[in-house]
>>> print(open('entry.json').read())   # JSON, C-alpha atoms and all ligand atoms
[["chain", "number", "residue", "atom", "x", "y", "z"],
["A", 217, "MET", "CA", -12.00, 90.44, 22.87],
["A", 218, "SER", "CA", -10.79, 90.03, 19.34],
["A", 219, "ASP", "CA", -7.40, 91.58, 20.16],
["A", 220, "GLU", "CA", -6.80, 89.18, 22.97],
["A", 221, "ASN", "CA", -7.48, 86.20, 20.81],
["A", 222, "SER", "CA", -5.74, 87.15, 17.63],
["A", 223, "ASP", "CA", -2.43, 85.70, 18.87],
["A", 224, "SER", "CA", -3.74, 82.19, 19.02],
["A", 225, "GLY", "CA", -5.61, 82.64, 15.78],
["A", 226, "VAL", "CA", -8.80, 81.54, 17.48],
["A", 227, "ALA", "CA", -11.99, 83.50, 17.46],
["A", 228, "ILE", "CA", -13.86, 83.00, 20.69],
["A", 229, "PRO", "CA", -17.50, 83.86, 20.31],
["A", 230, "SER", "CA", -18.58, 86.52, 22.73],
["A", 231, "LEU", "CA", -20.41, 84.58, 25.37],
["A", 232, "LEU", "CA", -19.87, 87.01, 28.18],
["A", 233, "PRO", "CA", -22.07, 89.81, 29.37],
["A", 234, "GLU", "CA", -20.45, 93.21, 28.69],
["A", 235, "SER", "CA", -19.76, 93.92, 32.34],
["A", 236, "GLU", "CA", -17.85, 90.69, 32.79],
["A", 237, "SER", "CA", -15.60, 91.14, 29.85],
["A", 238, "SER", "CA", -14.73, 94.80, 30.28],
["A", 239, "ASN", "CA", -11.77, 94.58, 32.69],
["A", 240, "HIS", "CA", -10.76, 90.98, 32.57],
["A", 241, "THR", "CA", -9.98, 88.30, 30.13],
["A", 242, "PRO", "CA", -12.72, 85.66, 29.98],
["A", 243, "ALA", "CA", -13.04, 83.20, 32.83],
["A", 244, "LEU", "CA", -12.83, 79.49, 32.15],
["A", 245, "SER", "CA", -16.14, 78.91, 33.95],
["A", 246, "ASP", "CA", -17.91, 81.37, 31.64],
["A", 247, "LEU", "CA", -16.47, 80.02, 28.42],
["A", 248, "SER", "CA", -17.00, 76.42, 29.47],
["A", 249, "PRO", "CA", -19.59, 75.88, 32.21],
["A", 250, "ARG", "CA", -18.72, 72.21, 32.48],
["A", 251, "ASP", "CA", -15.21, 73.21, 33.56],
["A", 252, "LYS", "CA", -16.58, 75.12, 36.54],
["A", 253, "PRO", "CA", -15.32, 72.49, 39.01],
["A", 254, "TRP", "CA", -11.77, 73.67, 38.32],
["A", 255, "ASP", "CA", -12.40, 76.88, 40.27],
["A", 256, "LYS", "CA", -13.88, 75.05, 43.21],
["A", 257, "HIS", "CA", -11.17, 72.41, 43.51],
["A", 258, "ARG", "CA", -8.28, 74.82, 42.95],
["A", 259, "GLY", "CA", -9.88, 77.12, 45.55],
["A", 260, "PHE", "CA", -9.82, 74.29, 48.10],
["A", 261, "ALA", "CA", -6.24, 73.53, 47.05],
["A", 262, "ASP", "CA", -5.28, 77.08, 48.07],
["A", 263, "ARG", "CA", -6.72, 76.39, 51.51],
["A", 264, "VAL", "CA", -4.95, 73.03, 51.87],
["A", 265, "GLU", "CA", -1.72, 74.70, 50.75],
["A", 266, "GLY", "CA", -2.26, 77.23, 53.56],
["A", 267, "LEU", "CA", -2.84, 74.50, 56.15],
["A", 268, "TYR", "CA", 0.42, 72.76, 55.23],
["A", 269, "ALA", "CA", 2.43, 76.00, 55.20],
["A", 270, "GLY", "CA", 4.70, 76.29, 58.23],
["A", 271, "SER", "CA", 4.08, 72.66, 59.23],
["A", 272, "GLU", "CA", 6.26, 69.58, 58.88],
["A", 273, "PHE", "CA", 4.52, 69.23, 55.50],
["A", 274, "HIS", "CA", 5.68, 72.59, 54.11],
["A", 275, "ARG", "CA", 7.12, 70.84, 51.07],
["A", 276, "LEU", "CA", 3.65, 69.56, 50.23],
["A", 277, "SER", "CA", 2.43, 73.13, 50.55],
["A", 278, "ASP", "CA", 5.00, 74.23, 47.95],
["A", 279, "ARG", "CA", 4.04, 71.44, 45.60],
["A", 280, "ILE", "CA", 0.33, 72.22, 45.85],
["A", 281, "HIS", "CA", 1.09, 75.88, 45.22],
["A", 282, "TYR", "CA", 2.24, 75.12, 41.69],
["A", 283, "CYS", "CA", -0.36, 72.43, 41.01],
["A", 284, "SER", "CA", -2.49, 73.12, 37.92],
["A", 285, "GLU", "CA", -1.59, 76.82, 37.92],
["A", 286, "LEU", "CA", -1.82, 76.88, 34.15],
["A", 287, "LEU", "CA", -4.24, 74.80, 32.12],
["A", 288, "GLU", "CA", -3.84, 74.17, 28.42],
["A", 289, "PHE", "CA", -7.05, 73.45, 26.56],
["A", 290, "GLY", "CA", -7.66, 72.47, 22.97],
["A", 291, "LEU", "CA", -10.53, 74.29, 21.33],
["A", 292, "GLY", "CA", -13.05, 72.35, 19.32],
["A", 293, "GLY", "CA", -16.77, 72.47, 18.72],
["A", 294, "GLU", "CA", -18.67, 74.50, 16.19],
["A", 295, "GLY", "CA", -19.99, 78.00, 15.73],
["A", 296, "ASP", "CA", -21.01, 79.71, 18.91],
["A", 297, "ARG", "CA", -20.61, 76.56, 20.97],
["A", 298, "PRO", "CA", -16.90, 76.18, 21.60],
["A", 299, "LYS", "CA", -15.85, 73.07, 23.37],
["A", 300, "LEU", "CA", -12.77, 73.03, 25.52],
["A", 301, "LYS", "CA", -10.77, 69.91, 26.11],
["A", 302, "LEU", "CA", -7.97, 69.70, 28.64],
["A", 303, "LYS", "CA", -4.65, 69.02, 26.95],
["A", 304, "ALA", "CA", -1.98, 69.67, 29.55],
["A", 305, "ALA", "CA", -1.49, 70.74, 33.13],
["A", 306, "ARG", "CA", 1.11, 70.13, 35.79],
["A", 307, "PHE", "CA", -0.26, 68.21, 38.75],
["A", 308, "CYS", "CA", 1.42, 67.99, 42.16],
["A", 309, "ARG", "CA", 0.08, 64.52, 42.95],
["A", 310, "VAL", "CA", 0.02, 65.27, 46.67],
["A", 311, "ARG", "CA", -2.41, 62.80, 48.18],
["A", 312, "HIS", "CA", -4.78, 65.30, 49.77],
["A", 313, "CYS", "CA", -4.48, 67.97, 47.06],
["A", 314, "PRO", "CA", -8.13, 68.72, 46.21],
["A", 315, "VAL", "CA", -7.37, 69.14, 42.50],
["A", 316, "CYS", "CA", -5.38, 65.91, 42.27],
["A", 317, "GLN", "CA", -7.87, 63.85, 44.28],
["A", 318, "TRP", "CA", -10.62, 65.11, 41.98],
["A", 319, "ARG", "CA", -8.64, 64.21, 38.84],
["A", 320, "ARG", "CA", -7.69, 60.82, 40.30],
["A", 321, "SER", "CA", -11.34, 60.08, 41.02],
["A", 322, "LEU", "CA", -12.33, 61.10, 37.45],
["A", 323, "MET", "CA", -9.73, 58.74, 36.00],
["A", 324, "TRP", "CA", -10.79, 55.85, 38.24],
["A", 325, "LYS", "CA", -14.44, 56.41, 37.39],
["A", 326, "ALA", "CA", -13.70, 56.51, 33.67],
["A", 327, "LYS", "CA", -11.85, 53.21, 34.00],
["A", 328, "ALA", "CA", -14.68, 51.62, 36.00],
["A", 329, "TYR", "CA", -17.33, 52.77, 33.49],
["A", 330, "LYS", "CA", -15.27, 51.21, 30.73],
["A", 331, "VAL", "CA", -14.57, 47.90, 32.45],
["A", 332, "LEU", "CA", -17.70, 47.11, 34.48],
["A", 333, "PRO", "CA", -19.87, 46.42, 31.38],
["A", 334, "LYS", "CA", -17.29, 43.82, 30.34],
["A", 335, "ILE", "CA", -17.59, 42.11, 33.71],
["A", 336, "VAL", "CA", -21.39, 42.17, 33.50],
["A", 337, "GLU", "CA", -21.05, 40.50, 30.11],
["A", 338, "ALA", "CA", -18.55, 37.93, 31.36],
["A", 339, "TYR", "CA", -20.73, 37.02, 34.37],
["A", 340, "PRO", "CA", -24.31, 37.14, 33.06],
["A", 341, "LYS", "CA", -25.68, 34.98, 35.86],
["A", 342, "TYR", "CA", -24.29, 37.12, 38.64],
["A", 343, "ARG", "CA", -25.71, 40.05, 40.55],
["A", 344, "TRP", "CA", -24.32, 42.90, 42.60],
["A", 345, "LEU", "CA", -24.42, 44.12, 46.18],
["A", 346, "PHE", "CA", -23.37, 47.47, 47.58],
["A", 347, "VAL", "CA", -22.26, 47.11, 51.18],
["A", 348, "THR", "CA", -21.10, 49.86, 53.52],
["A", 349, "LEU", "CA", -19.09, 48.63, 56.50],
["A", 350, "THR", "CA", -18.52, 50.94, 59.42],
["A", 351, "GLN", "CA", -17.48, 50.96, 63.02],
["A", 352, "LYS", "CA", -17.62, 53.53, 65.82],
["A", 353, "ASN", "CA", -15.83, 56.83, 65.33],
["A", 354, "VAL", "CA", -12.27, 56.98, 66.58],
["A", 355, "ALA", "CA", -9.90, 59.74, 67.64],
["A", 356, "ILE", "CA", -8.00, 60.95, 64.58],
["A", 357, "GLY", "CA", -4.77, 59.79, 66.25],
["A", 358, "GLU", "CA", -6.05, 56.21, 66.11],
["A", 359, "LEU", "CA", -7.09, 56.26, 62.48],
["A", 360, "LYS", "CA", -4.17, 54.33, 61.05],
["A", 361, "LYS", "CA", -4.41, 51.53, 63.59],
["A", 362, "THR", "CA", -8.17, 51.38, 63.03],
["A", 363, "LEU", "CA", -7.80, 51.15, 59.26],
["A", 364, "VAL", "CA", -5.22, 48.38, 59.62],
["A", 365, "ASP", "CA", -7.67, 46.50, 61.86],
["A", 366, "MET", "CA", -10.53, 47.08, 59.41],
["A", 367, "ASN", "CA", -8.41, 45.82, 56.51],
["A", 368, "ARG", "CA", -7.58, 42.65, 58.40],
["A", 369, "ALA", "CA", -11.23, 42.24, 59.36],
["A", 370, "PHE", "CA", -12.31, 42.58, 55.74],
["A", 371, "GLN", "CA", -9.84, 39.90, 54.78],
["A", 372, "ARG", "CA", -11.24, 37.60, 57.47],
["A", 373, "LEU", "CA", -14.79, 38.39, 56.32],
["A", 374, "SER", "CA", -13.98, 37.58, 52.71],
["A", 375, "GLN", "CA", -12.52, 34.23, 53.73],
["A", 376, "LEU", "CA", -15.62, 33.09, 55.63],
["A", 377, "LYS", "CA", -17.51, 30.25, 54.06],
["A", 378, "ALA", "CA", -20.72, 32.25, 54.27],
["A", 379, "PHE", "CA", -19.22, 35.22, 52.39],
["A", 380, "PRO", "CA", -21.19, 35.12, 49.13],
["A", 381, "ALA", "CA", -19.07, 37.26, 46.78],
["A", 382, "ILE", "CA", -16.66, 35.96, 44.17],
["A", 383, "GLY", "CA", -15.12, 39.41, 43.74],
["A", 384, "TRP", "CA", -15.16, 42.92, 45.15],
["A", 385, "LEU", "CA", -14.09, 46.50, 44.69],
["A", 386, "ARG", "CA", -13.63, 48.35, 47.95],
["A", 387, "SER", "CA", -12.93, 51.98, 48.72],
["A", 388, "THR", "CA", -12.10, 53.61, 52.02],
["A", 389, "GLU", "CA", -13.71, 56.85, 53.07],
["A", 390, "VAL", "CA", -12.84, 58.88, 56.15],
["A", 391, "THR", "CA", -15.20, 61.65, 57.21],
["A", 392, "ARG", "CA", -14.87, 64.08, 60.08],
["A", 393, "GLY", "CA", -17.50, 63.85, 62.77],
["A", 394, "ARG", "CA", -18.88, 66.97, 64.41],
["A", 395, "ASP", "CA", -17.00, 66.04, 67.55],
["A", 396, "GLY", "CA", -13.71, 66.00, 65.61],
["A", 397, "ASN", "CA", -13.47, 62.22, 65.62],
["A", 398, "ALA", "CA", -12.76, 60.31, 62.44],
["A", 399, "HIS", "CA", -15.37, 58.08, 60.84],
["A", 400, "PRO", "CA", -13.61, 55.49, 58.69],
["A", 401, "HIS", "CA", -15.78, 53.21, 56.57],
["A", 402, "PHE", "CA", -15.63, 50.93, 53.56],
["A", 403, "HIS", "CA", -17.84, 51.09, 50.48],
["A", 404, "CYS", "CA", -17.86, 47.70, 48.76],
["A", 405, "LEU", "CA", -19.21, 46.53, 45.44],
["A", 406, "LEU", "CA", -19.65, 42.76, 45.57],
["A", 407, "ILE", "CA", -20.43, 40.34, 42.76],
["A", 408, "VAL", "CA", -22.55, 37.40, 43.94],
["A", 409, "PRO", "CA", -24.14, 34.41, 42.18],
["A", 410, "SER", "CA", -27.83, 35.01, 41.46],
["A", 411, "SER", "CA", -28.58, 31.92, 43.58],
["A", 412, "TYR", "CA", -27.60, 34.07, 46.59],
["A", 413, "PHE", "CA", -31.06, 35.66, 46.48],
["A", 414, "SER", "CA", -33.06, 32.46, 46.39],
["A", 415, "GLY", "CA", -30.95, 29.90, 48.14],
["A", 416, "ARG", "CA", -29.84, 29.19, 51.67],
["A", 417, "SER", "CA", -26.77, 31.34, 51.24],
["A", 418, "TYR", "CA", -28.85, 34.54, 51.44],
["A", 419, "LEU", "CA", -27.76, 36.83, 54.26],
["A", 420, "LYS", "CA", -30.15, 39.16, 56.03],
["A", 421, "GLN", "CA", -28.85, 42.55, 57.10],
["A", 422, "SER", "CA", -28.55, 41.21, 60.66],
["A", 423, "ASP", "CA", -26.43, 38.30, 59.39],
["A", 424, "TRP", "CA", -24.07, 40.76, 57.75],
["A", 425, "VAL", "CA", -23.85, 42.74, 61.01],
["A", 426, "THR", "CA", -22.98, 39.58, 62.95],
["A", 427, "MET", "CA", -20.33, 38.56, 60.42],
["A", 428, "TRP", "CA", -18.70, 42.00, 60.34],
["A", 429, "ARG", "CA", -18.86, 42.28, 64.12],
["A", 430, "LYS", "CA", -17.04, 38.97, 64.49],
["A", 431, "ALA", "CA", -14.51, 39.72, 61.77],
["A", 432, "LEU", "CA", -13.68, 43.07, 63.40],
["A", 433, "ARG", "CA", -13.84, 41.56, 66.90],
["A", 434, "LEU", "CA", -16.16, 44.23, 68.23],
["A", 435, "ASP", "CA", -18.20, 44.10, 71.42],
["A", 436, "TYR", "CA", -21.14, 45.95, 69.83],
["A", 437, "ASN", "CA", -23.20, 45.77, 66.64],
["A", 438, "PRO", "CA", -21.65, 48.01, 63.99],
["A", 439, "VAL", "CA", -23.73, 50.09, 61.59],
["A", 440, "LEU", "CA", -23.83, 48.35, 58.23],
["A", 441, "ASP", "CA", -25.82, 48.87, 55.07],
["A", 442, "VAL", "CA", -26.51, 46.28, 52.37],
["A", 443, "GLN", "CA", -28.27, 47.04, 49.14],
["A", 444, "ALA", "CA", -28.84, 44.77, 46.20],
["A", 445, "VAL", "CA", -28.52, 46.22, 42.73],
["A", 446, "LYS", "CA", -31.91, 45.44, 41.21],
["A", 447, "GLN", "CA", -32.13, 42.67, 38.70],
["A", 448, "GLY", "CA", -31.62, 44.18, 35.28],
["A", 449, "SER", "CA", -29.85, 47.24, 36.72],
["A", 450, "LYS", "CA", -26.16, 47.70, 36.28],
["A", 451, "PRO", "CA", -23.42, 48.12, 38.89],
["A", 452, "MET", "CA", -22.25, 51.19, 36.96],
["A", 453, "GLU", "CA", -24.77, 53.34, 38.82],
["A", 454, "LEU", "CA", -22.75, 52.81, 42.01],
["A", 455, "VAL", "CA", -19.51, 54.11, 40.55],
["A", 456, "PRO", "CA", -19.95, 57.75, 41.69],
["A", 457, "GLU", "CA", -20.45, 56.67, 45.30],
["A", 458, "LEU", "CA", -17.66, 54.10, 45.19],
["A", 459, "LEU", "CA", -14.89, 56.10, 43.60],
["A", 460, "LYS", "CA", -15.41, 59.66, 44.77],
["A", 461, "TYR", "CA", -12.63, 60.65, 47.17],
["A", 462, "CYS", "CA", -11.14, 59.42, 50.39],
["A", 463, "THR", "CA", -12.02, 62.53, 52.41],
["A", 464, "LYS", "CA", -14.27, 65.29, 51.12],
["A", 465, "GLU", "CA", -12.79, 68.75, 50.69],
["A", 466, "SER", "CA", -14.90, 70.47, 53.33],
["A", 467, "ASP", "CA", -13.62, 67.95, 55.91],
["A", 468, "LEU", "CA", -10.01, 68.44, 54.80],
["A", 469, "VAL", "CA", -10.11, 72.15, 55.55],
["A", 470, "ALA", "CA", -12.37, 72.15, 58.64],
["A", 471, "ASP", "CA", -9.59, 72.05, 61.23],
["A", 472, "ARG", "CA", -5.83, 72.41, 60.72],
["A", 473, "GLU", "CA", -4.64, 70.04, 63.45],
["A", 474, "TRP", "CA", -7.14, 67.39, 62.38],
["A", 475, "PHE", "CA", -5.97, 67.67, 58.78],
["A", 476, "LEU", "CA", -2.26, 67.47, 59.66],
["A", 477, "GLU", "CA", -2.96, 64.37, 61.76],
["A", 478, "LEU", "CA", -5.03, 62.88, 58.92],
["A", 479, "THR", "CA", -2.00, 63.35, 56.65],
["A", 480, "ARG", "CA", 0.22, 61.50, 59.13],
["A", 481, "GLN", "CA", -2.30, 58.74, 59.71],
["A", 482, "MET", "CA", -3.15, 58.12, 56.04],
["A", 483, "HIS", "CA", 0.48, 57.97, 54.92],
["A", 484, "LYS", "CA", 0.88, 55.02, 52.52],
["A", 485, "MET", "CA", -2.64, 53.72, 53.21],
["A", 486, "LYS", "CA", -4.41, 52.42, 50.11],
["A", 487, "CYS", "CA", -7.82, 53.87, 49.39],
["A", 488, "VAL", "CA", -9.06, 51.44, 46.76],
["A", 489, "THR", "CA", -8.58, 47.67, 46.77],
["A", 490, "THR", "CA", -9.90, 44.87, 44.59],
["A", 491, "GLY", "CA", -10.24, 41.16, 45.11],
["A", 492, "GLY", "CA", -11.44, 37.88, 43.67],
["A", 493, "VAL", "CA", -12.56, 37.86, 40.05],
["A", 494, "LEU", "CA", -12.73, 41.68, 39.93],
["A", 495, "LYS", "CA", -9.02, 41.99, 40.60],
["A", 496, "GLU", "CA", -7.91, 41.11, 37.08],
["A", 497, "TYR", "CA", -10.32, 43.68, 35.62],
["A", 498, "LEU", "CA", -9.92, 46.51, 38.09],
["A", 499, "LYS", "CA", -6.58, 46.19, 39.83],
["A", 500, "GLU", "CA", -5.39, 49.32, 38.03],
["A", 501, "LEU", "CA", -7.61, 51.27, 40.41],
["A", 502, "GLU", "CA", -5.28, 50.37, 43.27],
["A", 503, "GLN", "CA", -2.58, 52.54, 41.75],
["A", 504, "GLU", "CA", -2.16, 56.26, 41.30],
["A", 505, "PRO", "CA", -3.31, 56.88, 37.69],
["A", 506, "GLU", "CA", -0.40, 57.79, 35.42],
["A", 507, "ASP", "CA", -2.55, 60.15, 33.46],
["A", 508, "LEU", "CA", -4.61, 62.81, 35.22],
["A", 509, "ILE", "CA", -5.68, 64.57, 32.02],
["A", 510, "GLY", "CA", -7.98, 61.93, 30.55],
["A", 511, "GLU", "CA", -9.42, 61.55, 27.09],
["A", 512, "GLY", "CA", -12.54, 63.57, 27.65],
["A", 513, "ASP", "CA", -15.86, 62.55, 26.14],
["A", 514, "ASP", "CA", -14.79, 63.10, 22.56],
["A", 515, "PRO", "CA", -11.25, 61.81, 22.03],
["A", 516, "GLU", "CA", -11.53, 62.07, 18.25],
["A", 517, "ALA", "CA", -12.37, 65.77, 18.20],
["A", 518, "GLU", "CA", -10.06, 67.92, 16.14],
["A", 519, "ASP", "CA", -8.47, 70.85, 17.89],
["A", 520, "GLU", "CA", -8.76, 74.21, 16.22],
["A", 521, "GLY", "CA", -6.44, 76.01, 18.53],
["A", 522, "LYS", "CA", -5.10, 76.22, 22.02],
["A", 523, "LEU", "CA", -6.17, 78.29, 24.96],
["A", 524, "TYR", "CA", -4.36, 78.79, 28.25],
["A", 525, "PHE", "CA", -6.04, 79.57, 31.55],
["A", 526, "GLY", "CA", -4.18, 80.74, 34.64],
["A", 527, "TRP", "CA", -5.31, 80.51, 38.25],
["A", 528, "LYS", "CA", -6.17, 83.90, 39.74],
["A", 529, "ARG", "CA", -5.69, 83.44, 43.44],
["A", 530, "ARG", "CA", -7.50, 86.53, 44.69],
["A", 531, "GLU", "CA", -10.50, 86.00, 42.49],
["A", 532, "LYS", "CA", -10.53, 82.23, 42.84],
["A", 533, "ARG", "CA", -11.09, 81.78, 39.13],
["A", 534, "TYR", "CA", -9.20, 80.57, 36.12],
["A", 535, "ARG", "CA", -8.91, 83.20, 33.44],
["A", 536, "LEU", "CA", -7.68, 83.22, 29.89],
["A", 537, "VAL", "CA", -4.00, 84.07, 29.68],
["A", 538, "ASP", "CA", -2.95, 86.35, 26.84],
["B", 1, "ZN", "ZN", -2.38, 68.74, 43.03]]
>>> encode(input="entry.json", output="structure tokens", more="lines below")
Ligand SMILES: [Zn+2]
Amino acid sequence: MSDENSDSGVAIPSLLPESESSNHTPALSDLSPRDKPWDKHRGFADRVEGLYAGSEFHRLSDRIHYCSELLEFGLGGEGDRPKLKLKAARFCRVRHCPVCQWRRSLMWKAKAYKVLPKIVEAYPKYRWLFVTLTQKNVAIGELKKTLVDMNRAFQRLSQLKAFPAIGWLRSTEVTRGRDGNAHPHFHCLLIVPSSYFSGRSYLKQSDWVTMWRKALRLDYNPVLDVQAVKQGSKPMELVPELLKYCTKESDLVADREWFLELTRQMHKMKCVTTGGVLKEYLKELEQEPEDLIGEGDDPEAEDEGKLYFGWKRREKRYRLVD
């Protein structure tokens, strides 16, 4: 191993079992277990690239092909515990690229973790609700129209006198049902006055169902979930559920035709929206993040060298590049 590393002037402690290191350069996931997700997401990206190949979206396929092929990490940490920190990579920014949607979600979450405590501080007398709004599954070909209707319905809901929130953060998720239909739903974080829980403005779950049913002009009771964030708990615990992804990777790659139609239907649809008093704090989340690298958990750390990892398609792993 020492020969491989002498170029960069960095000594990487031998963390690998003999058998692993004999024929290959070290894998990113072995040197830095917390960077394991790279292999998984880039592996899914290969599959999405394959689904787009030969379709009307072949240009997206080409872009995804070159996405995050080479990762530049700074090396920090001490002794036998090297710490890698992402410094540079080229991202394709294709909407349904599994790597890019993962990075986007990380950036949004980081922003939310930073800002939500400030909102909690600014609104000490307020509490939080987590509401999931759904409707019946629809054919994938009707997804766009359905999402437009749901957006309008949410707007109507938020304008009702009985609507208790003074602000919200809302994300759209679309899952694939076993029957191939699409299941679009909204996850909403709402900030409500604490009087909501004691006063006449309190809404039972059935009241929420009635309001959403009317707003969406349905002829049936939609499935809807309301949970209050416990007094003393923080809304930050909901961030992972709120800002994960629009469609999970296993659904993206389950069926080619479904995925191509999803791409058509989701074109230019926003996945995250904000409103009311949360808008001024969180409206950045409505945009594609400029930076997909991020600061990491230790922005002050000094780098002692650079390491490059390349994507090995056959093996589905990132490995150190000489
Ligand atoms: Zn990408």
>>> residues_near_ligand(input="entry.json", ligand="ligand ZN 1 (chain B)", cutoff="6 Å", atoms="all atoms listed in the file", output="list in words")
Ile280, Cys283, Phe307, Cys308, Arg309, Val310, Cys313, Val315 and Cys316 of chain A
>>> write_last_selection(input="entry.json", atoms="C-alpha atoms", output="compact mmCIF listing (two decimals), keeping the file's coordinate frame")
# COMPACT_ATOMS: atom_id res chain seq x y z
CA ILE A 280 0.33 72.22 45.85
CA CYS A 283 -0.36 72.43 41.01
CA PHE A 307 -0.26 68.21 38.75
CA CYS A 308 1.42 67.99 42.16
CA ARG A 309 0.08 64.52 42.95
CA VAL A 310 0.02 65.27 46.67
CA CYS A 313 -4.48 67.97 47.06
CA VAL A 315 -7.37 69.14 42.50
CA CYS A 316 -5.38 65.91 42.27
>>> atom_distance(input="entry.json", atom1="atom CA of Ser284 of chain A", atom2="atom CA of Arg306 of chain A")
5.1 Å
>>> closest_residue(input="entry.json", among="A:Arg533, A:Leu359, A:Leu458, A:Phe379", to="Gln481 of chain A", atoms="only C-alpha atoms")
A:Leu359
>>> residues_around(input="entry.json", residues="Leu345 of chain A", least_positions_apart="3", cutoff="9 Å", atoms="only C-alpha atoms", output="short mmCIF file (atom, residue, chain, number, x, y, z; two decimals) with C-alpha atoms, keeping the file's coordinate frame")
data_model
loop_
_atom_site.label_atom_id
_atom_site.label_comp_id
_atom_site.auth_asym_id
_atom_site.auth_seq_id
_atom_site.Cartn_x
_atom_site.Cartn_y
_atom_site.Cartn_z
CA ALA A 381 -19.07 37.26 46.78
CA CYS A 404 -17.86 47.70 48.76
CA LEU A 405 -19.21 46.53 45.44
CA LEU A 406 -19.65 42.76 45.57
CA ILE A 407 -20.43 40.34 42.76
CA VAL A 408 -22.55 37.40 43.94
CA VAL A 442 -26.51 46.28 52.37
CA GLN A 443 -28.27 47.04 49.14
CA ALA A 444 -28.84 44.77 46.20
CA VAL A 445 -28.52 46.22 42.73
CA PRO A 451 -23.42 48.12 38.89
#
>>> residues_around(input="entry.json", residues="segment 368-374 of chain A", least_positions_apart="6", cutoff="10 Å", atoms="only C-alpha atoms", output="tab-separated table (two decimals) with C-alpha atoms, in the coordinates of the input")
chain	number	residue	atom	x	y	z
A	349	LEU	CA	-19.09	48.63	56.50
A	362	THR	CA	-8.17	51.38	63.03
A	380	PRO	CA	-21.19	35.12	49.13
A	381	ALA	CA	-19.07	37.26	46.78
A	382	ILE	CA	-16.66	35.96	44.17
A	383	GLY	CA	-15.12	39.41	43.74
A	384	TRP	CA	-15.16	42.92	45.15
A	386	ARG	CA	-13.63	48.35	47.95
A	402	PHE	CA	-15.63	50.93	53.56
A	424	TRP	CA	-24.07	40.76	57.75
A	427	MET	CA	-20.33	38.56	60.42
A	428	TRP	CA	-18.70	42.00	60.34
A	429	ARG	CA	-18.86	42.28	64.12
A	430	LYS	CA	-17.04	38.97	64.49
A	431	ALA	CA	-14.51	39.72	61.77
A	432	LEU	CA	-13.68	43.07	63.40
A	433	ARG	CA	-13.84	41.56	66.90
A	491	GLY	CA	-10.24	41.16	45.11
A	492	GLY	CA	-11.44	37.88	43.67
>>> residues_near_point(input="entry.json", point="(-6.8, 87.5, 30.8)", cutoff="9 Å", atoms="all atoms listed in the file", output="ChimeraX atom specification")
/A:220,239-243,525-526,535-538
>>> closest_residue(input="entry.json", among="A:Lys532, A:Lys341, A:Lys522, A:Lys495", to="Lys301 of chain A", atoms="all atoms listed in the file")
A:Lys522
>>> closest_residue(input="entry.json", among="A:Asp519, A:His281, A:Thr490, A:Thr388", to="Gly259 of chain A", atoms="all atoms listed in the file")
A:His281
>>> residues_around(input="entry.json", residues="Pro400 of chain A", least_positions_apart="5", cutoff="8 Å", atoms="only C-alpha atoms", output="short mmCIF file (atom, residue, chain, number, x, y, z; two decimals) with C-alpha atoms, keeping the file's coordinate frame")
data_model
loop_
_atom_site.label_atom_id
_atom_site.label_comp_id
_atom_site.auth_asym_id
_atom_site.auth_seq_id
_atom_site.Cartn_x
_atom_site.Cartn_y
_atom_site.Cartn_z
CA THR A 350 -18.52 50.94 59.42
CA GLN A 351 -17.48 50.96 63.02
CA ASN A 353 -15.83 56.83 65.33
CA LEU A 359 -7.09 56.26 62.48
CA LEU A 363 -7.80 51.15 59.26
CA THR A 388 -12.10 53.61 52.02
CA GLU A 389 -13.71 56.85 53.07
CA VAL A 390 -12.84 58.88 56.15
CA THR A 391 -15.20 61.65 57.21
#
>>> residues_near_point(input="entry.json", point="(-11.4, 74.7, 38.4)", cutoff="12 Å", atoms="all atoms listed in the file", output="PyMOL selection string")
chain A and resi 243-246+248-262+283-287+302+305+314-316+318-319+525-529+532-535
>>> atom_distance(input="entry.json", atom1="atom CA of Ser411 of chain A", atom2="atom CA of Thr489 of chain A")
25.7 Å
>>> atom_distance(input="entry.json", atom1="atom CA of Pro298 of chain A", atom2="atom CA of Leu247 of chain A")
7.8 Å
>>> axis_aligned_box(input="entry.json", around="segment 495-507 of chain A", padding_each_side="5 Å", output="AutoDock Vina command-line options")
--center_x -5.4 --center_y 50.6 --center_z 38.4 --size_x 19.9 --size_y 29.0 --size_z 19.8
>>> closest_residue(input="entry.json", among="A:Leu440, A:Met485, A:Leu385, A:Ala470", to="Ala328 of chain A", atoms="only C-alpha atoms")
A:Leu385
>>> closest_residue(input="entry.json", among="A:Arg530, A:Arg394, A:Lys377, A:Arg311", to="Ser417 of chain A", atoms="all atoms listed in the file")
A:Lys377
>>> decode(input="entry.json", residues="segment 391-406 of chain A", atoms="C-alpha atoms", output="PDB file, in the first residue's frame")
ATOM      1  CA  THR A 391     -44.331   5.950  -4.243  1.00  0.00           C
ATOM      2  CA  ARG A 392     -45.111   3.088  -6.571  1.00  0.00           C
ATOM      3  CA  GLY A 393     -47.940   0.818  -5.539  1.00  0.00           C
ATOM      4  CA  ARG A 394     -47.727  -2.922  -6.093  1.00  0.00           C
ATOM      5  CA  ASP A 395     -50.329  -2.563  -8.821  1.00  0.00           C
ATOM      6  CA  GLY A 396     -48.098  -0.069 -10.658  1.00  0.00           C
ATOM      7  CA  ASN A 397     -50.232   2.911  -9.706  1.00  0.00           C
ATOM      8  CA  ALA A 398     -48.680   6.025  -8.258  1.00  0.00           C
ATOM      9  CA  HIS A 399     -49.286   7.061  -4.665  1.00  0.00           C
ATOM     10  CA  PRO A 400     -48.695  10.808  -4.356  1.00  0.00           C
ATOM     11  CA  HIS A 401     -48.822  12.308  -0.873  1.00  0.00           C
ATOM     12  CA  PHE A 402     -47.736  15.356   1.078  1.00  0.00           C
ATOM     13  CA  HIS A 403     -45.706  15.401   4.283  1.00  0.00           C
ATOM     14  CA  CYS A 404     -46.316  18.661   6.131  1.00  0.00           C
ATOM     15  CA  LEU A 405     -44.676  20.251   9.133  1.00  0.00           C
ATOM     16  CA  LEU A 406     -47.050  22.828  10.597  1.00  0.00           C
TER      17      LEU A 406
END
